[in-house]
file upload-v7.txt (compact mmCIF, C-alpha atoms and all ligand atoms)
# COMPACT_ATOMS: atom_id res chain seq x y z
CA MET J 1 218.77 60.96 -6.63
CA GLN J 2 215.28 62.37 -6.49
CA LYS J 3 214.95 65.75 -4.79
CA THR J 4 212.78 65.98 -1.71
CA PHE J 5 210.67 68.53 0.14
CA SER J 6 209.69 69.23 3.72
CA ILE J 7 207.12 71.53 5.34
CA THR J 8 207.52 73.26 8.70
CA ASN J 9 204.29 74.70 10.09
CA PHE J 10 203.71 77.41 12.67
CA GLY J 11 200.60 79.02 14.05
CA CYS J 12 196.90 78.47 14.52
CA ARG J 13 194.63 75.74 13.19
CA ALA J 14 193.80 77.73 10.08
CA SER J 15 197.50 78.04 9.31
CA GLN J 16 198.07 74.32 10.03
CA SER J 17 195.24 73.49 7.67
CA GLU J 18 196.85 75.60 4.94
CA GLY J 19 200.22 73.93 5.53
CA ALA J 20 198.56 70.54 5.26
CA SER J 21 196.98 71.68 2.03
CA ILE J 22 200.36 72.58 0.53
CA HIS J 23 201.66 69.22 1.74
CA GLN J 24 198.84 67.36 0.06
CA GLU J 25 199.19 69.26 -3.20
CA LEU J 26 202.87 68.32 -3.33
CA LEU J 27 202.18 64.66 -2.61
CA GLU J 28 199.47 64.57 -5.26
CA SER J 29 202.04 65.95 -7.72
CA HIS J 30 204.28 62.97 -6.82
CA ALA J 31 206.84 65.08 -4.98
CA VAL J 32 208.87 63.05 -2.48
CA GLU J 33 208.85 64.07 1.18
CA SER J 34 212.07 63.94 3.18
CA GLU J 35 212.43 62.67 6.73
CA SER J 36 213.19 66.14 8.03
CA ALA J 37 213.84 69.71 6.97
CA TYR J 38 217.55 69.07 7.49
CA ASP J 39 217.84 66.72 4.55
CA ALA J 40 215.26 68.20 2.16
CA ASN J 41 216.15 70.03 -1.03
CA VAL J 42 213.18 72.39 -0.72
CA VAL J 43 211.73 73.49 2.60
CA VAL J 44 208.44 75.36 2.90
CA VAL J 45 208.23 77.35 6.15
CA ASN J 46 204.62 78.30 6.88
CA SER J 47 205.03 81.17 9.34
CA CYS J 48 203.04 82.89 12.09
CA THR J 49 203.37 86.45 13.40
CA ILE J 50 200.87 86.59 16.24
CA THR J 51 203.58 87.62 18.75
CA ALA J 52 207.18 88.80 18.68
CA GLU J 53 208.07 85.37 20.04
CA ALA J 54 206.38 83.67 17.08
CA ASP J 55 208.46 85.86 14.75
CA ARG J 56 211.61 84.89 16.61
CA ASP J 57 210.79 81.18 16.37
CA VAL J 58 210.34 81.45 12.61
CA ARG J 59 213.65 83.29 12.12
CA GLN J 60 215.52 80.85 14.35
CA THR J 61 214.05 77.89 12.50
CA ILE J 62 215.08 79.28 9.11
CA ARG J 63 218.61 79.97 10.35
CA ARG J 64 218.86 76.49 11.84
CA ILE J 65 217.69 74.82 8.61
CA ALA J 66 220.13 76.93 6.60
CA SER J 67 223.10 76.05 8.79
CA ARG J 68 222.35 72.33 9.05
CA ASN J 69 221.23 71.93 5.45
CA PRO J 70 223.33 74.33 3.35
CA ASN J 71 221.83 73.09 0.08
CA ALA J 72 218.20 73.65 1.04
CA GLN J 73 216.18 76.21 -0.86
CA ILE J 74 213.64 77.78 1.47
CA ILE J 75 210.19 79.14 0.64
CA VAL J 76 208.62 81.18 3.45
CA THR J 77 204.91 81.85 3.44
CA GLY J 78 202.16 82.67 5.99
CA CYS J 79 201.35 85.60 8.25
CA TYR J 80 204.91 86.74 9.03
CA ALA J 81 205.70 86.63 5.30
CA GLN J 82 202.71 88.88 4.68
CA ARG J 83 203.59 91.33 7.47
CA ALA J 84 207.32 91.74 6.91
CA PRO J 85 208.49 90.02 3.72
CA GLU J 86 211.72 92.03 3.55
CA GLU J 87 212.84 90.76 6.94
CA LEU J 88 212.48 87.16 5.79
CA ALA J 89 213.88 87.67 2.30
CA SER J 90 217.25 88.61 3.74
CA LEU J 91 217.61 85.40 5.77
CA PRO J 92 220.03 82.75 4.45
CA GLN J 93 218.85 80.41 1.69
CA VAL J 94 215.40 81.97 1.46
CA ARG J 95 214.49 81.66 -2.22
CA PHE J 96 210.91 82.97 -2.16
CA VAL J 97 208.79 84.87 0.33
CA LEU J 98 205.08 84.45 -0.34
CA GLY J 99 202.66 86.54 1.65
CA ASN J 100 199.30 85.02 2.53
CA SER J 101 198.15 86.82 -0.61
CA HIS J 102 200.25 84.40 -2.69
CA LYS J 103 200.18 81.32 -0.46
CA PRO J 104 198.18 79.31 -3.01
CA LEU J 105 201.31 79.41 -5.22
CA ALA J 106 203.54 77.76 -2.60
CA ALA J 107 203.17 74.17 -3.80
CA GLN J 108 203.74 75.08 -7.44
CA LEU J 109 206.86 77.09 -6.62
CA ALA J 110 208.17 74.23 -4.51
CA LEU J 111 207.61 71.87 -7.44
CA ASN J 112 209.47 74.28 -9.74
CA LEU J 113 212.38 74.36 -7.33
CA LEU J 114 212.39 70.58 -7.10
CA GLN J 115 212.63 70.34 -10.88
CA ASP J 116 215.07 73.18 -11.46
CA ASP J 117 216.87 75.14 -8.80
CA PHE J 118 216.89 78.34 -10.93
CA GLY J 119 220.62 78.60 -10.32
CA ALA J 120 222.32 80.73 -7.72
CA HIS J 121 220.39 83.51 -6.06
CA GLY J 122 220.90 86.33 -3.64
CA ARG J 123 217.98 87.73 -1.68
CA GLY J 124 214.67 85.90 -1.67
CA GLU J 125 212.13 86.98 -4.24
CA ILE J 126 209.02 88.53 -2.69
CA LEU J 127 205.48 87.83 -3.85
CA CYS J 128 203.13 89.70 -1.57
CA SER J 129 200.27 92.15 -2.03
CA SER J 130 197.22 93.47 -0.25
CA ILE J 131 195.02 91.70 -2.78
CA PHE J 132 194.54 88.06 -1.82
CA LEU J 133 194.52 85.35 -4.47
CA GLU J 134 191.06 83.87 -4.14
CA ARG J 135 191.75 80.20 -4.21
CA ASP J 136 190.67 78.22 -1.24
CA PHE J 137 192.98 75.78 0.34
CA ARG J 138 192.07 72.16 0.27
CA PRO J 139 191.76 70.64 3.70
CA ALA J 140 193.86 67.87 5.09
CA SER J 141 194.68 66.29 8.40
CA TYR J 142 197.45 67.96 10.30
CA VAL J 143 197.58 65.26 12.94
CA GLY J 144 200.54 63.35 11.59
CA SER J 145 201.32 63.01 7.93
CA GLY J 146 199.22 60.46 6.15
CA GLY J 147 196.85 60.52 9.12
CA ARG J 148 193.27 59.48 8.63
CA THR J 149 191.72 60.62 11.86
CA ARG J 150 190.95 64.31 12.18
CA ALA J 151 190.76 66.77 9.33
CA ILE J 152 190.91 70.50 9.83
CA LEU J 153 188.65 72.17 7.29
CA LYS J 154 189.18 75.90 6.95
CA VAL J 155 185.86 77.35 5.83
CA GLN J 156 186.61 81.03 6.45
CA ASP J 157 189.62 83.33 6.31
CA GLY J 158 190.35 86.94 7.28
CA CYS J 159 188.66 89.19 9.83
CA ASN J 160 186.67 92.44 9.74
CA ALA J 161 187.01 93.11 13.46
CA ASN J 162 189.73 95.44 14.60
CA CYS J 163 190.79 94.29 18.05
CA SER J 164 193.36 96.90 18.99
CA PHE J 165 196.15 94.39 19.72
CA CYS J 166 195.69 92.14 16.71
CA ILE J 167 197.84 91.96 13.59
CA ILE J 168 195.67 89.30 11.93
CA PRO J 169 193.29 91.52 9.90
CA SER J 170 196.27 93.22 8.27
CA VAL J 171 197.94 89.95 7.28
CA ARG J 172 194.86 87.97 6.28
CA GLY J 173 192.57 90.61 4.83
CA ARG J 174 188.79 90.92 5.08
CA SER J 175 186.56 88.05 6.03
CA ARG J 176 185.98 85.57 3.20
CA SER J 177 183.98 82.35 3.36
CA ILE J 178 184.03 79.39 1.05
CA GLU J 179 180.65 78.67 -0.56
CA PRO J 180 178.56 76.23 1.52
CA GLU J 181 178.32 73.83 -1.43
CA ALA J 182 182.14 73.73 -1.64
CA ALA J 183 182.46 73.24 2.11
CA ILE J 184 179.95 70.38 2.09
CA ALA J 185 181.67 68.78 -0.91
CA GLU J 186 184.93 68.88 1.08
CA VAL J 187 183.23 67.28 4.09
CA ARG J 188 181.93 64.50 1.82
CA GLU J 189 185.39 63.94 0.39
CA LEU J 190 187.00 63.83 3.82
CA VAL J 191 184.43 61.28 4.97
CA ALA J 192 185.06 59.21 1.84
CA ARG J 193 188.79 59.31 2.57
CA GLY J 194 188.17 57.83 6.01
CA TYR J 195 188.37 60.82 8.35
CA LYS J 196 186.22 60.24 11.40
CA GLU J 197 186.36 63.78 12.78
CA VAL J 198 186.13 67.04 10.86
CA VAL J 199 187.05 70.30 12.59
CA PHE J 200 185.60 73.49 11.14
CA SER J 201 188.17 76.22 11.50
CA GLY J 202 188.62 79.81 10.42
CA ILE J 203 190.08 83.08 11.55
CA HIS J 204 186.72 84.59 12.58
CA LEU J 205 184.55 81.52 12.20
CA GLY J 206 181.34 82.94 13.65
CA THR J 207 181.13 85.43 10.77
CA TYR J 208 181.08 82.60 8.24
CA GLY J 209 178.72 83.31 5.34
CA ARG J 210 178.15 87.03 5.94
CA ASP J 211 180.28 87.95 2.94
CA LEU J 212 178.64 85.54 0.50
CA ARG J 213 176.22 86.75 -2.14
CA SER J 214 173.55 84.31 -0.94
CA LYS J 215 173.79 85.08 2.74
CA THR J 216 174.07 82.14 5.06
CA SER J 217 175.42 81.57 8.55
CA PHE J 218 177.84 79.35 10.39
CA TYR J 219 174.91 77.68 12.13
CA GLU J 220 173.33 76.78 8.78
CA LEU J 221 176.63 75.40 7.53
CA ILE J 222 176.91 73.17 10.61
CA CYS J 223 173.37 71.88 10.09
CA ARG J 224 174.13 71.06 6.47
CA ALA J 225 177.39 69.32 7.37
CA LEU J 226 175.56 67.14 9.87
CA GLU J 227 173.39 65.84 7.04
CA VAL J 228 176.44 64.40 5.27
CA PRO J 229 176.12 60.61 5.55
CA GLY J 230 179.04 59.03 7.35
CA LEU J 231 180.30 62.16 9.14
CA GLU J 232 180.98 60.74 12.57
CA ARG J 233 182.07 63.76 14.57
CA LEU J 234 182.10 67.48 13.89
CA ARG J 235 184.13 69.80 16.11
CA LEU J 236 184.12 73.58 16.02
CA SER J 237 187.22 75.61 16.66
CA SER J 238 187.29 79.07 18.20
CA ILE J 239 184.07 81.14 18.11
CA GLU J 240 183.76 84.69 19.47
CA PRO J 241 181.38 85.16 22.46
CA LEU J 242 178.75 87.20 20.61
CA GLU J 243 178.56 84.59 17.87
CA ILE J 244 177.59 81.69 20.14
CA ILE J 245 173.85 81.81 19.54
CA PRO J 246 171.36 79.83 21.68
CA GLU J 247 170.52 77.56 18.72
CA LEU J 248 174.17 76.57 18.50
CA ILE J 249 174.31 75.63 22.19
CA ASP J 250 171.12 73.60 21.74
CA LEU J 251 172.51 71.82 18.71
CA ILE J 252 175.76 70.92 20.45
CA ALA J 253 173.82 69.78 23.52
CA THR J 254 171.48 67.52 21.59
CA HIS J 255 173.20 66.30 18.44
CA PRO J 256 175.13 63.05 19.00
CA ARG J 257 177.74 63.89 16.38
CA VAL J 258 178.89 67.35 17.49
CA ALA J 259 181.80 67.43 19.93
CA HIS J 260 181.02 68.82 23.38
CA HIS J 261 183.72 71.39 23.06
CA PHE J 262 183.69 75.19 22.90
CA HIS J 263 186.67 77.49 22.52
CA ILE J 264 185.54 81.04 23.24
CA PRO J 265 188.16 83.82 23.39
CA LEU J 266 187.88 85.89 26.58
CA GLN J 267 191.08 87.99 26.42
CA SER J 268 190.36 89.93 29.63
CA GLY J 269 188.00 89.89 32.59
CA SER J 270 188.28 93.66 33.02
CA ALA J 271 185.56 95.73 31.33
CA ARG J 272 187.96 98.64 30.95
CA ILE J 273 190.60 96.51 29.22
CA LEU J 274 188.03 94.82 26.99
CA ARG J 275 186.94 98.28 25.81
CA ALA J 276 190.55 99.28 25.14
CA MET J 277 190.98 96.06 23.18
CA TYR J 278 187.83 96.98 21.15
CA ARG J 279 186.26 93.70 22.20
CA PRO J 280 182.47 94.06 21.93
CA TYR J 281 181.21 92.25 25.08
CA SER J 282 181.42 92.66 28.82
CA PRO J 283 183.00 90.29 31.36
CA GLN J 284 179.51 89.63 32.75
CA TYR J 285 178.23 88.66 29.31
CA TYR J 286 181.09 86.20 28.93
CA PHE J 287 180.60 84.75 32.38
CA ASP J 288 176.86 84.26 31.80
CA LEU J 289 177.53 82.62 28.45
CA VAL J 290 179.96 79.99 29.73
CA SER J 291 177.78 79.38 32.78
CA ARG J 292 174.77 78.80 30.52
CA ILE J 293 176.78 76.35 28.42
CA ARG J 294 177.93 74.47 31.53
CA ALA J 295 174.35 74.22 32.82
CA ARG J 296 173.16 72.86 29.47
CA ILE J 297 176.16 70.58 28.72
CA PRO J 298 177.69 69.45 32.02
CA ASP J 299 180.59 67.56 30.41
CA ALA J 300 181.56 70.26 27.86
CA GLY J 301 185.22 71.14 27.42
CA LEU J 302 185.35 74.94 27.70
CA GLY J 303 188.47 76.77 26.58
CA ALA J 304 189.46 80.40 26.18
CA ASP J 305 192.27 82.63 24.96
CA VAL J 306 193.37 85.14 27.57
CA MET J 307 195.84 87.98 27.14
CA VAL J 308 197.76 89.38 30.08
CA GLY J 309 199.78 92.58 30.22
CA PHE J 310 197.74 94.56 27.69
CA PRO J 311 198.95 98.21 27.84
CA GLY J 312 197.56 99.87 30.95
CA GLU J 313 196.48 96.58 32.60
CA THR J 314 196.65 97.26 36.33
CA ASP J 315 196.74 94.82 39.21
CA ALA J 316 193.01 95.47 39.64
CA ASP J 317 192.33 94.67 35.97
CA PHE J 318 194.31 91.47 36.23
CA SER J 319 192.56 90.58 39.44
CA ALA J 320 189.20 90.93 37.64
CA THR J 321 190.43 88.48 34.99
CA TYR J 322 191.67 86.07 37.63
CA GLN J 323 188.42 86.18 39.57
CA LEU J 324 186.27 85.72 36.50
CA ILE J 325 188.25 82.66 35.44
CA GLU J 326 188.27 81.26 38.97
CA ALA J 327 184.48 81.53 39.20
CA SER J 328 183.85 80.33 35.65
CA PRO J 329 183.44 76.75 34.44
CA LEU J 330 186.38 77.08 32.00
CA THR J 331 188.44 73.90 31.69
CA TYR J 332 191.51 75.05 29.78
CA LEU J 333 193.17 78.30 28.70
CA HIS J 334 195.60 79.55 26.13
CA VAL J 335 197.36 82.34 28.00
CA PHE J 336 199.30 84.90 25.95
CA PRO J 337 201.43 87.65 27.42
CA TYR J 338 200.70 90.80 25.37
CA SER J 339 203.12 91.27 22.49
CA SER J 340 203.30 94.63 20.74
CA ARG J 341 202.64 94.22 17.02
CA PRO J 342 203.79 97.00 14.70
CA GLY J 343 200.98 99.08 13.23
CA THR J 344 198.30 98.05 15.72
CA VAL J 345 196.41 100.60 17.82
CA ALA J 346 197.61 98.98 21.05
CA ALA J 347 201.26 99.37 20.03
CA GLY J 348 200.78 103.15 20.30
CA LEU J 349 199.09 103.08 23.72
CA PRO J 350 200.93 104.33 26.81
CA ASN J 351 201.71 102.34 29.96
CA HIS J 352 203.10 99.16 28.47
CA VAL J 353 203.34 96.53 31.19
CA PRO J 354 206.86 95.33 32.02
CA GLU J 355 207.60 91.86 30.65
CA HIS J 356 208.30 90.33 34.04
CA VAL J 357 204.87 91.47 35.28
CA SER J 358 203.13 89.94 32.25
CA ARG J 359 205.07 86.73 32.72
CA PHE J 360 204.08 86.58 36.40
CA ARG J 361 200.42 87.16 35.58
CA ALA J 362 200.53 84.49 32.87
CA LYS J 363 202.01 82.04 35.36
CA MET J 364 199.27 82.79 37.89
CA LEU J 365 196.58 82.08 35.33
CA ARG J 366 198.29 78.90 34.17
CA ASN J 367 198.48 77.65 37.76
CA LEU J 368 194.84 78.53 38.31
CA ILE J 369 193.62 76.73 35.19
CA ALA J 370 195.81 73.70 35.96
CA ARG J 371 193.89 73.29 39.22
CA LYS J 372 190.52 73.78 37.53
CA ASN J 373 191.45 71.40 34.76
CA GLU J 374 192.50 68.75 37.26
CA THR J 375 189.15 69.01 39.02
CA PHE J 376 187.38 68.73 35.66
CA ARG J 377 189.33 65.60 34.75
CA ARG J 378 188.93 64.10 38.24
CA ASN J 379 185.17 64.38 37.87
CA MET J 380 185.42 62.19 34.77
CA ILE J 381 187.03 59.28 36.64
CA GLY J 382 184.72 56.28 36.59
CA SER J 383 182.70 57.52 33.65
CA GLU J 384 182.32 55.68 30.35
CA ILE J 385 183.20 57.73 27.30
CA GLU J 386 183.81 57.21 23.62
CA VAL J 387 187.15 58.33 22.28
CA LEU J 388 188.78 58.47 18.86
CA THR J 389 192.26 56.94 18.62
CA LEU J 390 194.92 59.15 17.06
CA GLU J 391 198.22 58.57 15.29
CA ASP J 392 200.29 59.61 18.31
CA GLY J 393 199.09 56.69 20.43
CA THR J 394 196.57 58.72 22.43
CA ALA J 395 192.86 59.18 21.88
CA LEU J 396 190.64 62.26 22.03
CA SER J 397 187.39 62.65 23.91
CA SER J 398 184.44 64.63 22.67
CA ASN J 399 185.22 67.27 25.31
CA PHE J 400 188.81 67.62 24.10
CA VAL J 401 190.73 65.67 26.72
CA PRO J 402 193.65 63.47 25.56
CA VAL J 403 193.16 59.90 26.77
CA LEU J 404 195.80 57.20 27.18
CA ILE J 405 194.22 53.76 26.81
CA SER J 406 195.92 50.95 28.72
CA ASP J 407 195.26 48.28 26.06
CA PRO J 408 196.72 48.43 22.55
CA VAL J 409 194.30 49.95 20.05
CA ALA J 410 194.39 50.57 16.31
CA VAL J 411 194.53 54.12 14.99
CA ASN J 412 191.33 55.84 13.84
CA GLU J 413 188.92 53.73 15.84
CA TRP J 414 186.08 54.67 18.16
CA VAL J 415 186.77 53.00 21.45
CA ARG J 416 184.50 52.88 24.46
CA VAL J 417 186.54 53.29 27.62
CA VAL J 418 186.12 53.71 31.31
CA VAL J 419 188.19 56.52 32.77
CA THR J 420 190.50 55.14 35.46
CA GLY J 421 192.65 58.10 36.46
CA LEU J 422 194.60 61.19 35.53
CA HIS J 423 197.43 61.16 33.04
CA GLY J 424 200.05 63.90 33.17
CA GLU J 425 198.98 67.52 33.30
CA ARG J 426 196.19 67.40 30.75
CA GLY J 427 195.11 63.84 30.11
CA LEU J 428 193.27 60.81 31.40
CA HIS J 429 194.05 57.14 31.77
CA ALA J 430 191.37 54.73 30.61
CA SER J 431 190.68 51.04 29.99
CA ARG J 432 188.97 49.70 26.96
CA MET J 433 185.45 48.36 27.40
CA LYS J 434 184.41 47.09 23.95
CA THR J 435 184.39 48.23 20.32
CA ALA J 436 182.35 51.37 20.34
CA HIS J 437 179.42 52.43 18.29
CA THR J 438 180.26 55.54 16.38
CA PRO J 439 178.76 58.75 17.77
CA ALA J 440 176.48 58.64 14.74
CA ASP J 441 174.92 55.50 16.13
CA PRO J 442 174.10 56.14 19.76
CA ALA J 443 172.06 52.95 20.02
S1 LIG E 1 188.40 88.83 16.13
FE1 LIG E 1 189.95 90.23 16.95
S2 LIG E 1 191.54 88.85 17.81
FE2 LIG E 1 190.31 87.61 16.39
S3 LIG E 1 191.41 87.71 14.41
FE3 LIG E 1 189.81 89.33 14.40
S4 LIG E 1 190.89 91.18 15.11
FE4 LIG E 1 192.17 89.39 15.69
call {"tool": "encode", "arguments": {"input": "upload-v7.txt", "output": "structure tokens", "more": "lines below"}}
Ligand code: SF4
result
Amino acid sequence: MQKTFSITNFGCRASQSEGASIHQELLESHAVESESAYDANVVVVNSCTITAEADRDVRQTIRRIASRNPNAQIIVTGCYAQRAPEELASLPQVRFVLGNSHKPLAAQLALNLLQDDFGAHGRGEILCSSIFLERDFRPASYVGSGGRTRAILKVQDGCNANCSFCIIPSVRGRSRSIEPEAAIAEVRELVARGYKEVVFSGIHLGTYGRDLRSKTSFYELICRALEVPGLERLRLSSIEPLEIIPELIDLIATHPRVAHHFHIPLQSGSARILRAMYRPYSPQYYFDLVSRIRARIPDAGLGADVMVGFPGETDADFSATYQLIEASPLTYLHVFPYSSRPGTVAAGLPNHVPEHVSRFRAKMLRNLIARKNETFRRNMIGSEIEVLTLEDGTALSSNFVPVLISDPVAVNEWVRVVVTGLHGERGLHASRMKTAHTPADPA
């Protein structure tokens, strides 16, 4: 019987994009995918290490795969593999640990294992260094395997900032961008393969191009991508506050094919905590920025990452964060309780906040944003919008709201709908109006 593989992904969009890339490389090499990790011969675990909880999830997953599938050979790669390869190498059935430095080898090693299991082994073999193999990952959709709807295109990796809490620069290295010509060629290929939405992602996306010999910028890359014939919608993932330039807001406001969606990390609404985090903007700057965006693009989806319980965060600091968010036009949040990461500056700071306090603060913010998000969605009731249907039976609006359409619709179609009500905690109900024009054709 032919041997099979499976991929289990963790982490951010950039990581998902890399996992999808490994997946695609294996399929193109005619490897056969299994139904699940529990019946595959080779399992690639693409890990994340952003928090202690993420580490725990990865370890638990590997142990579960090993106990339910005792014949599986496991390859672990990703950020956790780069940070602590020894920890992962000692887990059961781990055959290789590939740091991000060696991630481009993951598909080839999986193929080797599928062809020849290399016999019995003890500890996993570690391939990890501080020098990153410079081969860019090919993009692929991560929304369902074989999907043809949204493609995540990672155009940048690594980060030169040194936020005091963040492990990412040490596990992904310095900022590196793919050449604009290569990025545009990928956009063309994705369009040719039928993707209707391309999402530009990266670790520190706003710094795109600064490392290239012929200097360019993220804004220029976006403008070039929008010239690609047939690209129907471009979405941008997370961009740091200081990198949202006025031209970018104008472009998103006026171009019919750019999604009305911004994700702008805030982290804290306390000036003192932002300084301790080494974040280079003030709460007022952030507030003015999102207010300006709301004034210019009234329907924009506006999201943020917020960290609670950073060392030394007092009730007053948290209250400043709460008040800023309450007054802001933000529509959704990713709230993270602070998690001490070994080797970071913040890990050595005094006054760590007790876990139950962080959890309580996180809950307060989640309740707050749930109310704001409901108001945002309620204001959309009765409006006509164009949505893209996805593989999971929902559709996605330009401003990043999941939409459940009452009538049956095919996957990967633009559908014009009228919003009829709220759906669950994050979505909308809608009825189909007629086959939509694509956003490229606003006529
Ligand atoms: S900008 Fe800060 S939080 Fe984001 S990856 Fe870089 S160091 Fe981490």
call {"tool": "residues_around", "arguments": {"input": "upload-v7.txt", "residues": "Leu88 in chain J", "least_positions_apart": "5", "cutoff": "9 Å", "atoms": "all atoms listed in the file", "output": "number ranges by chain"}}
result
J: 59, 62, 76, 80-81, 94, 97, 124
call {"tool": "residues_near_ligand", "arguments": {"input": "upload-v7.txt", "ligand": "ligand LIG 1 (chain E)", "cutoff": "8 Å", "atoms": "only C-alpha atoms and all ligand atoms", "output": "number ranges by chain"}}
result
J: 158-169, 203-204, 240, 279
call {"tool": "write_last_selection", "arguments": {"input": "upload-v7.txt", "atoms": "C-alpha atoms", "output": "PDB file, in the coordinates of the input"}}
result
ATOM      1  CA  GLY J 158     190.350  86.940   7.280  1.00  0.00           C
ATOM      2  CA  CYS J 159     188.660  89.190   9.830  1.00  0.00           C
ATOM      3  CA  ASN J 160     186.670  92.440   9.740  1.00  0.00           C
ATOM      4  CA  ALA J 161     187.010  93.110  13.460  1.00  0.00           C
ATOM      5  CA  ASN J 162     189.730  95.440  14.600  1.00  0.00           C
ATOM      6  CA  CYS J 163     190.790  94.290  18.050  1.00  0.00           C
ATOM      7  CA  SER J 164     193.360  96.900  18.990  1.00  0.00           C
ATOM      8  CA  PHE J 165     196.150  94.390  19.720  1.00  0.00           C
ATOM      9  CA  CYS J 166     195.690  92.140  16.710  1.00  0.00           C
ATOM     10  CA  ILE J 167     197.840  91.960  13.590  1.00  0.00           C
ATOM     11  CA  ILE J 168     195.670  89.300  11.930  1.00  0.00           C
ATOM     12  CA  PRO J 169     193.290  91.520   9.900  1.00  0.00           C
ATOM     13  CA  ILE J 203     190.080  83.080  11.550  1.00  0.00           C
ATOM     14  CA  HIS J 204     186.720  84.590  12.580  1.00  0.00           C
ATOM     15  CA  GLU J 240     183.760  84.690  19.470  1.00  0.00           C
ATOM     16  CA  ARG J 279     186.260  93.700  22.200  1.00  0.00           C
TER      17      ARG J 279
END
call {"tool": "residues_around", "arguments": {"input": "upload-v7.txt", "residues": "Ala347 in chain J", "least_positions_apart": "3", "cutoff": "12 Å", "atoms": "all atoms listed in the file", "output": "PyMOL selection string"}}
result
chain J and resi 163-167+276-277+310-312+338-344+350-353
call {"tool": "write_last_selection", "arguments": {"input": "upload-v7.txt", "atoms": "C-alpha atoms", "output": "mmCIF file, in the frame of the given file"}}
result
data_model
loop_
_atom_site.group_PDB
_atom_site.id
_atom_site.type_symbol
_atom_site.label_atom_id
_atom_site.label_comp_id
_atom_site.auth_asym_id
_atom_site.auth_seq_id
_atom_site.Cartn_x
_atom_site.Cartn_y
_atom_site.Cartn_z
ATOM 1 C CA CYS J 163 190.790 94.290 18.050
ATOM 2 C CA SER J 164 193.360 96.900 18.990
ATOM 3 C CA PHE J 165 196.150 94.390 19.720
ATOM 4 C CA CYS J 166 195.690 92.140 16.710
ATOM 5 C CA ILE J 167 197.840 91.960 13.590
ATOM 6 C CA ALA J 276 190.550 99.280 25.140
ATOM 7 C CA MET J 277 190.980 96.060 23.180
ATOM 8 C CA PHE J 310 197.740 94.560 27.690
ATOM 9 C CA PRO J 311 198.950 98.210 27.840
ATOM 10 C CA GLY J 312 197.560 99.870 30.950
ATOM 11 C CA TYR J 338 200.700 90.800 25.370
ATOM 12 C CA SER J 339 203.120 91.270 22.490
ATOM 13 C CA SER J 340 203.300 94.630 20.740
ATOM 14 C CA ARG J 341 202.640 94.220 17.020
ATOM 15 C CA PRO J 342 203.790 97.000 14.700
ATOM 16 C CA GLY J 343 200.980 99.080 13.230
ATOM 17 C CA THR J 344 198.300 98.050 15.720
ATOM 18 C CA PRO J 350 200.930 104.330 26.810
ATOM 19 C CA ASN J 351 201.710 102.340 29.960
ATOM 20 C CA HIS J 352 203.100 99.160 28.470
ATOM 21 C CA VAL J 353 203.340 96.530 31.190
#
call {"tool": "atom_distance", "arguments": {"input": "upload-v7.txt", "atom1": "CA of Asn9 in chain J", "atom2": "CA of Leu153 in chain J"}}
result
16.1 Å
call {"tool": "residues_around", "arguments": {"input": "upload-v7.txt", "residues": "Phe336 in chain J", "least_positions_apart": "3", "cutoff": "9 Å", "atoms": "only C-alpha atoms", "output": "JSON, numbers by chain"}}
result
{"J": [51, 267, 305, 306, 307, 308, 309, 339, 358, 362]}
call {"tool": "residues_around", "arguments": {"input": "upload-v7.txt", "residues": "range 372-386 of chain J", "least_positions_apart": "5", "cutoff": "9 Å", "atoms": "all atoms listed in the file", "output": "NGL selection string"}}
result
:J and (299 or 301 or 326 or 329-332 or 367 or 396-398 or 401 or 414-422 or 425-430 or 433 or 436-439)
call {"tool": "residues_near_point", "arguments": {"input": "upload-v7.txt", "point": "(174.7, 74.8, 14.3)", "cutoff": "6 Å", "atoms": "only C-alpha atoms", "output": "PDB file with C-alpha atoms, keeping the file's coordinate frame"}}
result
ATOM      1  CA  TYR J 219     174.910  77.680  12.130  1.00  0.00           C
ATOM      2  CA  ILE J 222     176.910  73.170  10.610  1.00  0.00           C
ATOM      3  CA  CYS J 223     173.370  71.880  10.090  1.00  0.00           C
ATOM      4  CA  LEU J 248     174.170  76.570  18.500  1.00  0.00           C
ATOM      5  CA  LEU J 251     172.510  71.820  18.710  1.00  0.00           C
TER       6      LEU J 251
END
call {"tool": "atom_distance", "arguments": {"input": "upload-v7.txt", "atom1": "CA of Pro402 in chain J", "atom2": "CA of Ser328 in chain J"}}
result
22.0 Å
call {"tool": "atom_distance", "arguments": {"input": "upload-v7.txt", "atom1": "CA of Glu186 in chain J", "atom2": "CA of Ala259 in chain J"}}
result
19.2 Å
call {"tool": "closest_residue", "arguments": {"input": "upload-v7.txt", "among": "J:His260, J:His23, J:Arg359, J:His255", "to": "Ala300 in chain J", "atoms": "all atoms listed in the file"}}
result
J:His260
call {"tool": "axis_aligned_box", "arguments": {"input": "upload-v7.txt", "around": "range 180-198 of chain J", "padding_each_side": "6 Å", "output": "lines of an AutoDock Vina configuration file"}}
result
center_x = 183.6
center_y = 67.0
center_z = 5.6
size_x = 22.5
size_y = 30.4
size_z = 26.4
call {"tool": "closest_atom_pairs", "arguments": {"input": "upload-v7.txt", "of": "range 148-256 of chain J", "to": "range 284-288 of chain J", "cutoff": "12 Å", "atoms": "all atoms listed in the file", "output": "JSON lines"}}
result
{"residue": "J:Glu240", "atom": "CA", "partner": "J:Tyr286", "partner_atom": "CA", "distance": 9.9}
{"residue": "J:Pro241", "atom": "CA", "partner": "J:Tyr286", "partner_atom": "CA", "distance": 6.6}
{"residue": "J:Leu242", "atom": "CA", "partner": "J:Tyr286", "partner_atom": "CA", "distance": 8.7}
{"residue": "J:Glu243", "atom": "CA", "partner": "J:Tyr286", "partner_atom": "CA", "distance": 11.5}
{"residue": "J:Ile244", "atom": "CA", "partner": "J:Tyr286", "partner_atom": "CA", "distance": 10.5}
